[in-house]
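**Q** Here you go, run_10.cif (mmCIF, C-alpha atoms):
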data_run
#
loop_
_atom_site.label_atom_id
_atom_site.label_comp_id
_atom_site.auth_asym_id
_atom_site.auth_seq_id
_atom_site.Cartn_x
_atom_site.Cartn_y
_atom_site.Cartn_z
CA MET Y 346 -5.52 -26.49 -11.63
CA ILE Y 347 -7.22 -28.75 -9.15
CA LYS Y 348 -10.10 -30.99 -10.10
CA ALA Y 349 -13.18 -29.60 -8.32
CA GLU Y 350 -14.49 -33.08 -7.60
CA GLU Y 351 -11.28 -33.99 -5.74
CA PHE Y 352 -11.35 -30.70 -3.84
CA CYS Y 353 -14.92 -31.39 -2.76
CA MET Y 354 -14.12 -34.94 -1.66
CA HIS Y 355 -11.15 -33.70 0.36
CA HIS Y 356 -13.17 -30.92 2.04
CA GLN Y 357 -16.36 -32.98 2.29
CA VAL Y 358 -18.59 -30.53 0.43
CA ASN Y 359 -20.95 -30.99 -2.50
CA LEU Y 360 -19.87 -29.98 -5.97
CA THR Y 361 -23.03 -27.88 -6.11
CA PHE Y 362 -21.43 -25.61 -3.50
CA ILE Y 363 -18.57 -24.81 -5.90
CA HIS Y 364 -21.12 -24.23 -8.69
CA SER Y 365 -23.03 -21.83 -6.42
CA LEU Y 366 -19.87 -19.89 -5.60
CA SER Y 367 -19.00 -19.66 -9.27
CA GLU Y 368 -22.50 -18.53 -10.27
CA ARG Y 369 -22.34 -15.76 -7.64
CA GLY Y 370 -18.93 -14.63 -8.88
CA LEU Y 371 -17.24 -15.44 -5.58
CA VAL Y 372 -14.70 -17.73 -7.24
CA THR Y 373 -13.48 -18.48 -10.73
CA VAL Y 374 -13.54 -22.03 -12.02
CA THR Y 375 -12.69 -23.51 -15.39
CA SER Y 376 -14.53 -26.20 -17.29
CA VAL Y 377 -12.43 -28.56 -19.42
CA GLU Y 378 -14.14 -31.40 -21.25
CA GLU Y 379 -17.14 -31.22 -18.91
CA GLU Y 380 -14.87 -31.44 -15.83
CA LEU Y 381 -14.74 -28.52 -13.43
CA TYR Y 382 -11.30 -27.28 -12.31
CA ILE Y 383 -10.30 -24.79 -9.66
CA PRO Y 384 -7.27 -22.60 -10.34
CA GLU Y 385 -4.71 -23.09 -7.58
CA GLY Y 386 -4.90 -19.41 -6.67
CA GLN Y 387 -8.63 -19.74 -5.91
CA VAL Y 388 -8.27 -22.53 -3.34
CA ARG Y 389 -7.52 -20.16 -0.46
CA GLU Y 390 -10.54 -18.01 -1.37
CA ILE Y 391 -12.85 -21.04 -1.53
CA GLU Y 392 -11.60 -22.23 1.86
CA ARG Y 393 -12.22 -18.76 3.33
CA VAL Y 394 -15.76 -18.75 1.93
CA MET Y 395 -16.32 -22.26 3.29
CA ARG Y 396 -15.32 -21.13 6.78
CA LEU Y 397 -17.71 -18.17 6.61
CA HIS Y 398 -20.54 -20.30 5.28
CA PHE Y 399 -20.19 -23.55 7.20
CA ASP Y 400 -18.33 -22.65 10.38
CA MET Y 401 -19.98 -19.29 11.00
CA ASP Y 402 -23.33 -20.26 9.45
CA ILE Y 403 -23.45 -17.23 7.14
CA ASN Y 404 -25.67 -17.63 4.09
CA LEU Y 405 -24.15 -17.12 0.64
CA GLU Y 406 -25.75 -13.69 0.28
CA GLY Y 407 -23.99 -12.63 3.48
CA VAL Y 408 -20.74 -14.15 2.26
CA GLU Y 409 -21.08 -12.10 -0.93
CA VAL Y 410 -21.46 -8.89 1.07
CA ILE Y 411 -18.55 -9.74 3.38
CA THR Y 412 -16.32 -10.62 0.42
CA ARG Y 413 -17.20 -7.39 -1.39
CA LEU Y 414 -16.57 -5.28 1.71
CA LEU Y 415 -13.23 -6.99 2.39
CA SER Y 416 -12.21 -6.36 -1.20
CA GLU Y 417 -13.19 -2.69 -0.96
CA MET Y 418 -11.29 -2.40 2.31
CA GLU Y 419 -8.17 -3.86 0.69
CA ASP Y 420 -8.53 -1.44 -2.25
CA LEU Y 421 -8.80 1.50 0.16
CA ARG Y 422 -5.78 0.25 2.12
CA GLU Y 423 -3.76 0.06 -1.10
CA GLU Y 424 -4.88 3.53 -2.18
CA SER Y 425 -3.96 4.93 1.24
CA ARG Y 426 -0.51 3.35 0.98
CA ARG Y 427 0.04 4.85 -2.48
CA LEU Y 428 -1.08 8.30 -1.30
CA ARG Y 429 1.22 8.14 1.75
CA ASN Y 430 4.12 7.24 -0.54
CA ARG Y 431 3.34 10.17 -2.84
CA LEU Y 432 3.02 12.51 0.13
CA THR Y 433 6.39 11.32 1.44
CA LEU Y 434 7.95 12.16 -1.93
CA TYR Y 435 6.56 15.72 -1.77
CA GLU Y 436 7.62 16.17 1.84
CA ASN Y 437 11.15 15.05 1.04
CA ASP Y 438 11.36 17.64 -1.77
CA LEU Y 439 10.61 20.46 0.66
#
Give the structure from the file, written as structure tokens.
**A**
Amino acid sequence: MIKAEEFCMHHQVNLTFIHSLSERGLVTVTSVEEELYIPEGQVREIERVMRLHFDMDINLEGVEVITRLLSEMEDLREESRRLRNRLTLYENDL
């Protein structure tokens, strides 16, 4: 777990940005004794969202849509892979 305040200082963003991401369900954060912590696995996702929002000037609503579409694309890619594997099994039996 990484202290959100330290993450924000390092990346030069406001803590309110992390709160906004959490409220929108874009990232998961944990509160311990009134301190906000970011799970290590979420850091990469927050950095990706930061690039979309700050570097590409995409509002958070747009970031939400992009994130959802990327997730759906990854799900479809995984389903396609599973179906190809199943098809290969059936083809090998013939």
**Q** Could you list, as a CSV table (one decimal) with C-alpha atoms, in the coordinates of the input, every residue within 12 Å of Y:Glu385, counting all atoms listed in the file and ignoring same-chain residues fewer than 4 positions away?
**A**
chain,number,residue,atom,x,y,z
Y,346,MET,CA,-5.5,-26.5,-11.6
Y,347,ILE,CA,-7.2,-28.8,-9.2
Y,348,LYS,CA,-10.1,-31.0,-10.1
Y,349,ALA,CA,-13.2,-29.6,-8.3
Y,352,PHE,CA,-11.4,-30.7,-3.8
Y,372,VAL,CA,-14.7,-17.7,-7.2
Y,373,THR,CA,-13.5,-18.5,-10.7
Y,374,VAL,CA,-13.5,-22.0,-12.0
Y,375,THR,CA,-12.7,-23.5,-15.4
Y,389,ARG,CA,-7.5,-20.2,-0.5
Y,390,GLU,CA,-10.5,-18.0,-1.4
Y,391,ILE,CA,-12.8,-21.0,-1.5
Y,392,GLU,CA,-11.6,-22.2,1.9
**Q** Provide an axis-aligned box for all listed atoms of stretch 386-390 of chain Y, padding each side by 5 Å; report its centre and its edge lengths in Å to one decimal, as AutoDock Vina command-line options.
**A**
--center_x -7.7 --center_y -20.3 --center_z -3.6 --size_x 15.6 --size_y 14.5 --size_z 16.2
**Q** Please, what distance in Å, to one decimal, runs between atom CA of Y:Asp420 and atom CA of Y:Gly370?
**A**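 If I compute the distance from atom CA of Y:Asp420 to atom CA of Y:Gly370, I get 18.1 Å.
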**Q** Neighbouring residues of Y:His398 were defined as those with any atom within 12 Å, considering only C-alpha atoms; residues of the same chain fewer than 5 positions away were excluded. Please report them as a PyMOL selection string.
**A** chain Y and resi 358+362+366+391-393+403-409+411-412
**Q** Can you measure atom CA of Y:Leu360 to atom CA of Y:Tyr382 for me? One decimal in Å is fine.
**A**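 Spanning atom CA of Y:Leu360 to atom CA of Y:Tyr382 is a straight-line distance of 11.0 Å.
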**Q** Using all atoms listed in the file for the distances, tell me which of Y:Leu371, Y:Ser376, Y:Leu415, Y:Asp400 is nearest to Y:Val388.
**A**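 When distances to Y:Val388 are compared using all atoms listed in the file, the smallest one comes from Y:Leu371.
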**Q** Between Y:Arg369, Y:Gln387, Y:Arg427, Y:Tyr435, which is the closest to Y:Arg413 once you count only C-alpha atoms?
**A** Y:Arg369
**Q** As an exercise, work out the distance from atom CA of Y:Ser365 to atom CA of Y:Ser416 in Å and give it to one decimal place.
**A**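 Interatomic distance here is 19.6 Å.
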**Q** Could you name the residues that touch Y:Glu350 at 8 Å or less, counting all atoms listed in the file, but leaving out those on the same chain fewer than 3 positions away, as a ChimeraX atom specification?
**A** /Y:353-354,360,381
**Q** Taking C-alpha atoms for each residue, export the selection above as a PDB file, keeping the file's coordinate frame.
**A**
ATOM      1  CA  CYS Y 353     -14.920 -31.390  -2.760  1.00  0.00           C
ATOM      2  CA  MET Y 354     -14.120 -34.940  -1.660  1.00  0.00           C
ATOM      3  CA  LEU Y 360     -19.870 -29.980  -5.970  1.00  0.00           C
ATOM      4  CA  LEU Y 381     -14.740 -28.520 -13.430  1.00  0.00           C
TER       5      LEU Y 381
END
